[in-house]
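For reference, run29.txt is printed below; it contains compact mmCIF, C-alpha atoms.
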# COMPACT_ATOMS: atom_id res chain seq x y z
CA MET W 938 96.14 120.34 109.05
CA ILE W 939 97.03 117.55 106.63
CA ASN W 940 99.61 116.16 109.05
CA GLY W 941 96.98 116.16 111.80
CA ILE W 942 94.49 114.24 109.65
CA LEU W 943 97.17 111.74 108.61
CA SER W 944 98.15 111.30 112.27
CA VAL W 945 94.59 110.32 113.19
CA LEU W 946 94.40 107.97 110.19
CA ARG W 947 97.71 106.25 110.91
CA THR W 948 97.58 106.01 114.72
CA GLY W 949 93.81 105.63 115.19
CA CYS W 950 93.77 108.22 118.01
CA SER W 951 90.77 110.44 118.67
CA TRP W 952 90.65 114.05 117.53
CA ARG W 953 90.95 115.23 121.15
CA GLN W 954 94.22 113.31 121.53
CA MET W 955 96.02 115.20 118.78
CA PRO W 956 99.78 115.57 119.53
CA HIS W 957 100.73 118.99 120.89
CA ASP W 958 103.00 119.80 117.94
CA LEU W 959 99.96 119.69 115.63
CA PRO W 960 96.93 122.05 115.50
CA ASN W 961 94.00 121.68 117.85
CA GLY W 962 92.00 118.50 117.15
CA LYS W 963 88.69 120.36 116.77
CA THR W 964 90.23 122.64 114.15
CA VAL W 965 91.72 119.71 112.24
CA TYR W 966 88.37 117.89 112.32
CA HIS W 967 86.66 121.04 110.98
CA TYR W 968 88.88 121.03 107.90
CA PHE W 969 88.58 117.26 107.53
CA ARG W 970 84.78 117.56 107.35
CA ARG W 971 84.91 120.70 105.21
CA TRP W 972 87.05 118.98 102.59
CA GLN W 973 84.88 115.88 102.77
CA ARG W 974 81.71 117.87 102.13
CA ASP W 975 83.08 119.83 99.16
CA GLY W 976 84.60 116.72 97.52
CA THR W 977 88.25 117.70 97.96
CA TRP W 978 89.33 114.22 99.06
CA GLU W 979 87.58 112.53 96.15
CA ARG W 980 89.01 114.95 93.60
CA ALA W 981 92.53 114.55 94.99
CA MET W 982 92.19 110.76 94.95
CA THR W 983 90.94 110.75 91.35
CA SER W 984 93.72 113.03 90.12
CA LEU W 985 96.47 111.03 91.85
CA ARG W 986 95.05 107.70 90.67
CA ARG W 987 95.26 108.90 87.07
CA GLU W 988 98.87 109.95 87.64
CA VAL W 989 99.73 106.57 89.17
CA ARG W 990 98.19 104.69 86.25
CA ALA W 991 100.07 106.88 83.76
CA HIS W 992 103.28 106.34 85.75
CA MET W 993 102.69 102.58 85.41
CA GLY W 994 102.38 102.94 81.64
CA ARG W 995 98.63 102.45 81.58
CA ASP W 996 95.77 104.61 80.34
CA PRO W 997 94.71 107.10 83.05
CA GLU W 998 91.14 105.77 82.86
CA PRO W 999 90.48 102.06 83.56
CA SER W 1000 88.61 99.78 81.16
CA ALA W 1001 87.87 97.09 83.77
CA ALA W 1002 87.13 97.12 87.49
CA ILE W 1003 86.61 94.77 90.42
CA ILE W 1004 83.85 95.09 93.01
CA ASP W 1005 83.65 93.55 96.47
CA SER W 1006 82.60 94.37 100.01
CA GLN W 1007 84.17 94.07 103.45
CA SER W 1008 82.45 94.32 106.81
CA ILE W 1009 84.29 96.08 109.64
CA LYS W 1010 83.69 95.84 113.37
CA THR W 1011 82.08 98.95 114.77
CA SER W 1012 83.04 100.79 117.96
CA PRO W 1013 80.61 101.85 120.72
CA VAL W 1014 80.31 105.22 118.94
CA ARG W 1015 76.69 105.66 117.92
CA GLY W 1016 75.84 105.87 114.26
CA SER W 1017 73.00 105.28 111.81
CA GLU W 1018 74.91 102.75 109.70
CA ARG W 1019 75.36 100.09 112.37
CA GLY W 1020 73.91 96.66 111.61
CA PHE W 1021 74.15 93.04 112.64
CA ASP W 1022 76.24 90.90 110.32
CA ALA W 1023 74.65 87.44 110.29
CA GLY W 1024 77.83 85.87 108.94
CA LYS W 1025 80.23 87.37 111.51
CA LYS W 1026 77.64 87.33 114.33
CA ASN W 1027 78.35 90.86 115.56
CA SER W 1028 77.62 94.52 114.88
CA ARG W 1029 79.41 95.83 111.82
CA ALA W 1030 79.48 98.43 109.08
CA GLN W 1031 80.13 97.41 105.49
CA ALA W 1032 82.22 99.09 102.82
CA ASP W 1033 81.45 98.39 99.16
CA VAL W 1034 84.60 99.09 97.15
CA LEU W 1035 85.34 99.44 93.45
CA VAL W 1036 88.98 99.19 92.29
CA ASP W 1037 90.75 98.94 88.95
CA THR W 1038 92.71 95.85 87.90
CA GLN W 1039 95.78 97.23 89.73
CA GLY W 1040 93.88 97.43 93.01
CA LEU W 1041 93.67 101.24 92.98
CA LEU W 1042 90.53 102.68 94.54
CA LEU W 1043 87.87 104.02 92.18
CA ALA W 1044 84.90 104.47 94.54
CA VAL W 1045 83.72 103.48 98.02
CA LYS W 1046 80.37 103.42 99.81
CA VAL W 1047 79.91 102.65 103.52
CA HIS W 1048 76.57 101.40 104.81
CA THR W 1049 75.04 99.01 107.31
CA ALA W 1050 76.17 95.39 107.25
CA ARG W 1051 72.54 94.30 107.19
CA LEU W 1052 72.49 94.84 103.43
CA MET W 1053 73.63 91.93 101.28
CA ASP W 1054 75.97 92.47 98.31
CA ARG W 1055 73.13 92.58 95.79
CA LEU W 1056 71.51 95.43 97.77
CA GLY W 1057 74.64 97.33 98.73
CA ALA W 1058 76.24 97.36 95.26
CA PRO W 1059 73.60 99.69 93.69
CA LEU W 1060 74.28 102.25 96.44
CA LEU W 1061 77.90 102.34 95.29
CA LEU W 1062 77.30 102.19 91.54
CA GLN W 1063 74.18 104.30 91.01
CA ASP W 1064 76.07 107.62 90.85
CA LEU W 1065 79.02 106.43 88.74
CA GLY W 1066 77.43 106.79 85.32
CA GLY W 1067 79.82 108.79 83.14
CA CYS W 1068 82.57 108.92 85.79
CA PHE W 1069 84.72 106.31 84.03
CA PRO W 1070 84.33 106.73 80.26
CA ARG W 1071 86.43 103.67 79.29
CA LEU W 1072 85.04 101.27 81.90
CA CYS W 1073 83.07 98.45 80.29
CA HIS W 1074 83.86 95.26 82.24
CA LEU W 1075 83.29 94.38 85.89
CA PHE W 1076 84.62 91.41 87.87
CA ALA W 1077 82.55 90.20 90.84
CA ASP W 1078 81.93 87.14 92.99
CA SER W 1079 78.88 84.90 93.20
CA GLY W 1080 77.17 87.23 95.69
CA TYR W 1081 76.18 89.49 92.80
CA THR W 1082 73.06 87.86 91.39
CA ASP W 1083 71.55 87.80 87.91
CA SER W 1084 69.12 90.65 88.62
CA LEU W 1085 72.01 92.88 89.75
CA ILE W 1086 74.01 91.97 86.64
CA GLU W 1087 71.07 93.06 84.49
CA TRP W 1088 70.73 96.30 86.49
CA ILE W 1089 74.43 97.10 86.00
CA LYS W 1090 74.14 96.46 82.24
CA THR W 1091 71.00 98.57 81.90
CA THR W 1092 72.13 101.44 84.14
CA LEU W 1093 75.86 101.67 83.42
CA GLY W 1094 76.35 99.62 80.26
CA TRP W 1095 79.01 97.43 81.91
CA ASP W 1096 79.38 93.70 81.36
CA THR W 1097 79.74 91.75 84.60
CA GLU W 1098 81.86 88.61 84.87
CA ILE W 1099 81.28 86.37 87.88
CA VAL W 1100 84.63 84.91 88.96
CA PRO W 1101 84.14 81.31 90.15
CA LYS W 1102 85.70 80.08 93.34
CA ALA W 1103 89.19 78.67 92.92
CA ASP W 1104 89.22 74.89 92.55
CA PRO W 1105 91.79 73.48 94.99
CA LEU W 1106 93.23 70.85 92.64
CA ILE W 1107 96.71 69.42 93.09
CA LEU W 1108 98.76 67.06 90.94
CA ILE W 1109 99.39 63.64 92.52
CA ASN W 1110 101.02 60.83 90.53
CA GLY W 1111 100.13 62.60 87.30
CA GLU W 1112 96.45 63.01 88.24
CA LEU W 1113 94.55 66.10 89.36
CA VAL W 1114 92.78 65.49 92.68
CA ARG W 1115 90.94 67.86 95.00
CA SER W 1116 93.12 69.10 97.84
CA PRO W 1117 91.76 68.69 101.40
CA ALA W 1118 93.60 71.86 102.49
CA LYS W 1119 91.50 74.84 103.54
CA GLY W 1120 92.31 78.55 103.54
CA PHE W 1121 92.81 81.39 101.12
CA LEU W 1122 92.78 80.46 97.43
CA VAL W 1123 93.75 82.92 94.71
CA GLN W 1124 90.85 83.90 92.44
CA LEU W 1125 91.24 85.52 89.03
CA HIS W 1126 91.54 89.33 89.47
CA ARG W 1127 89.59 89.26 92.75
CA TRP W 1128 92.78 88.68 94.74
CA LYS W 1129 93.73 92.26 93.84
CA ILE W 1130 90.81 93.79 95.72
CA GLU W 1131 91.59 91.54 98.70
CA ARG W 1132 95.11 92.99 98.61
CA THR W 1133 93.58 96.48 98.60
CA PHE W 1134 91.64 95.64 101.77
CA GLY W 1135 94.95 94.51 103.27
CA TRP W 1136 96.49 97.89 102.42
CA PHE W 1137 93.67 99.70 104.20
CA ILE W 1138 93.97 97.67 107.39
CA ARG W 1139 97.52 98.98 107.85
CA PHE W 1140 95.93 102.29 108.83
CA ARG W 1141 94.71 101.85 112.41
CA ARG W 1142 91.74 104.18 111.95
CA LEU W 1143 90.43 101.74 109.31
CA ALA W 1144 91.01 98.57 111.37
CA ARG W 1145 87.72 99.35 113.16
CA ASP W 1146 84.91 101.74 112.27
CA TYR W 1147 84.99 104.59 114.81
CA GLU W 1148 82.90 107.03 112.76
CA SER W 1149 79.33 107.99 113.55
CA LEU W 1150 78.86 109.20 109.97
CA PRO W 1151 79.43 106.87 106.98
CA GLN W 1152 80.69 109.85 104.97
CA CYS W 1153 83.61 110.17 107.41
CA SER W 1154 84.46 106.49 107.00
CA GLU W 1155 84.46 106.93 103.22
CA ALA W 1156 86.68 110.02 103.52
CA PHE W 1157 89.27 108.16 105.60
CA ILE W 1158 89.39 105.36 103.01
CA GLN W 1159 89.90 107.97 100.29
CA ILE W 1160 92.69 109.65 102.30
CA ALA W 1161 94.38 106.28 102.84
CA SER W 1162 94.28 105.76 99.07
CA ILE W 1163 95.75 109.24 98.53
CA GLN W 1164 98.69 108.38 100.76
CA LEU W 1165 99.20 105.06 98.98
CA PHE W 1166 99.16 106.83 95.59
CA LEU W 1167 101.69 109.40 96.76
CA ARG W 1168 104.02 106.63 97.84
CA ARG W 1169 103.79 105.14 94.37
CA LEU W 1170 104.66 108.48 92.78
CA THR W 1171 107.42 109.41 95.27
CA PRO W 1172 109.10 106.15 96.34
CA PHE W 1173 111.51 106.20 99.27
CA GLN W 1174 115.10 106.90 98.34
CA SER W 1175 118.10 106.36 100.58
CA PHE W 1176 120.74 109.08 100.66
CA SER W 1177 124.43 108.71 101.44
CA PHE W 1178 126.39 111.51 103.12
Translate this structure into structure tokens?
Amino acid sequence: MINGILSVLRTGCSWRQMPHDLPNGKTVYHYFRRWQRDGTWERAMTSLRREVRAHMGRDPEPSAAIIDSQSIKTSPVRGSERGFDAGKKNSRAQADVLVDTQGLLLAVKVHTARLMDRLGAPLLLQDLGGCFPRLCHLFADSGYTDSLIEWIKTTLGWDTEIVPKADPLILINGELVRSPAKGFLVQLHRWKIERTFGWFIRFRRLARDYESLPQCSEAFIQIASIQLFLRRLTPFQSFSF
């Protein structure tokens, strides 16, 4: 069953196109949804994340986190969480993600792309009170406004630090001048969550949102994190014969 779920996640195929050497796609989907409903994926992800952090020599529970969102193109599959993204000019779903300072997933919430960051973030954070006992500091971008910062402080007791955009300055003849170059610029801590989004896109099922239920999209992101954590704990080793 696990191999069937991982096959769908990695290849992006539909449940009905399950390879013949794996169980029937309907049966695999049944267990996928069953374990999503009872919280198995989230519990497994949390347990493995703690092991990975301990393996890295860090405290199992994070003291700081990074929040950001990413909109994903939706497929023709119908769903309640489809919305028009005014920035990308097409129909998308949006995933609000919380990671630690190593880029390891803490929580995820999928919703319509119609919601701006200041409206989507409370949907992700409202149920996290007490889930991370050491967490006290949050890094975010300028899309998280003053009212949201106050809400986070009042509700969760976390301090929020807005990371400014990177200033593209270069040294010319001993003087700092603004560079005309455009493109990706590294921002303090926030580059780590961008790297996490890059990890997720390697799984074809996450390159586009094919799910009609946002809970299924969240489960696939959690399963992708589980596989990434397992690779950290059991790195590939070459054997000589």
Write out as a compact mmCIF listing (two decimals) with C-alpha atoms, keeping the file's coordinate frame each polymer residue whose atoms come within 9 Å of Ala1161 (chain W), counting all atoms listed in the file; drop sequence neighbours fewer than 3 positions from it.
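Now in out19.txt:
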# COMPACT_ATOMS: atom_id res chain seq x y z
CA LEU W 943 97.17 111.74 108.61
CA LEU W 946 94.40 107.97 110.19
CA ARG W 947 97.71 106.25 110.91
CA TRP W 1136 96.49 97.89 102.42
CA PHE W 1137 93.67 99.70 104.20
CA PHE W 1140 95.93 102.29 108.83
CA LEU W 1143 90.43 101.74 109.31
CA ALA W 1156 86.68 110.02 103.52
CA PHE W 1157 89.27 108.16 105.60
CA ILE W 1158 89.39 105.36 103.01
CA GLN W 1164 98.69 108.38 100.76
CA LEU W 1165 99.20 105.06 98.98
CA PHE W 1166 99.16 106.83 95.59
As a list in words, please: the residues near Gly1040 (chain W) (cut-off 10 Å, all atoms listed in the file, same-chain neighbours under 5 positions excluded).
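Selected residues are Ala1002, Ile1003, Leu1035, His1126, Arg1127, Trp1128, Lys1129, Ile1130, Glu1131, Arg1132, Thr1133, Phe1134 and Trp1136 of chain W.
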Excluding region 958-966 of chain W and residues on its chain fewer than 4 positions from it, collect all residues at most 9 Å away from it, counting only C-alpha atoms, and give them as a PDB file with C-alpha atoms, keeping the file's coordinate frame.
ATOM      1  CA  MET W 938      96.140 120.340 109.050  1.00  0.00           C
ATOM      2  CA  ILE W 939      97.030 117.550 106.630  1.00  0.00           C
ATOM      3  CA  ASN W 940      99.610 116.160 109.050  1.00  0.00           C
ATOM      4  CA  GLY W 941      96.980 116.160 111.800  1.00  0.00           C
ATOM      5  CA  ILE W 942      94.490 114.240 109.650  1.00  0.00           C
ATOM      6  CA  SER W 951      90.770 110.440 118.670  1.00  0.00           C
ATOM      7  CA  TRP W 952      90.650 114.050 117.530  1.00  0.00           C
ATOM      8  CA  ARG W 953      90.950 115.230 121.150  1.00  0.00           C
ATOM      9  CA  GLN W 954      94.220 113.310 121.530  1.00  0.00           C
ATOM     10  CA  ARG W 970      84.780 117.560 107.350  1.00  0.00           C
ATOM     11  CA  ARG W 971      84.910 120.700 105.210  1.00  0.00           C
TER      12      ARG W 971
END
Could you jot down the CA of Val1034 (chain W) to CA of Ala1058 (chain W) separation for me, Å, one decimal place?
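Taking CA of Val1034 (chain W) as the start and CA of Ala1058 (chain W) as the end point, the length is 8.7 Å.
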Using all atoms listed in the file, determine which residues lie at most 12 Å from Asp996 (chain W), disregarding the query and same-chain residues fewer than 6 positions distant; provide the list as a ChimeraX atom specification.
/W:986-990,1037-1039,1069-1072
Rounded to one decimal, what separation in Å do you get between CA of Ile1089 (chain W) and CA of Leu1041 (chain W)?
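Here the two named atoms are 20.9 Å from each other.
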In Å, with one decimal, what is the gap from CA of Ser1079 (chain W) to CA of Thr1097 (chain W)?
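Distance between the two atoms: 11.0 Å.
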Under the rule that all atoms listed in the file are counted, which of W:Leu1125, W:Val1100, W:Ala1144, W:Ala981 is the nearest residue to Ala1030 (chain W)?
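Of W:Leu1125, W:Val1100, W:Ala1144, W:Ala981, the one nearest Ala1030 (chain W) is W:Ala1144, counting all atoms listed in the file.
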Nearest residue to Arg1139 (chain W) from the set W:Ser1162, W:Ser1154, W:Asp975, W:Ala1044 (distances using all atoms listed in the file)
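Among the listed residues, the smallest separation from Arg1139 (chain W) belongs to W:Ser1162.
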Residues near Lys1010 (chain W), cut-off 7 Å, all atoms listed in the file, skip fewer than 2 positions along chain, as a PyMOL selection string:
chain W and resi 1008+1012+1028-1030+1145-1146
Pick from W:Gln1031, W:Arg974, W:Arg1142, W:Leu1056 nearest to Gly949 (chain W), counting all atoms listed in the file
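That would be W:Arg1142, the residue with the smallest distance to Gly949 (chain W).
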Pick from W:Lys1102, W:Arg1055, W:Lys1046, W:Arg1168, whichever lies nearest to Glu1087 (chain W) using all atoms listed in the file
W:Arg1055
Pick the closest to Ala1077 (chain W) from W:Gln1124, W:Ser984, W:Thr1171, W:Thr1011: which is it, counting only C-alpha atoms?
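Closest to Ala1077 (chain W), using only C-alpha atoms: W:Gln1124.
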In terms of the shortest atom-to-atom distance over all atoms listed in the file, which of W:Ile1160, W:Cys1153, W:Leu1085, W:Met1053 is closest to Glu1098 (chain W)?
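Selected residue with least distance to Glu1098 (chain W): W:Leu1085.
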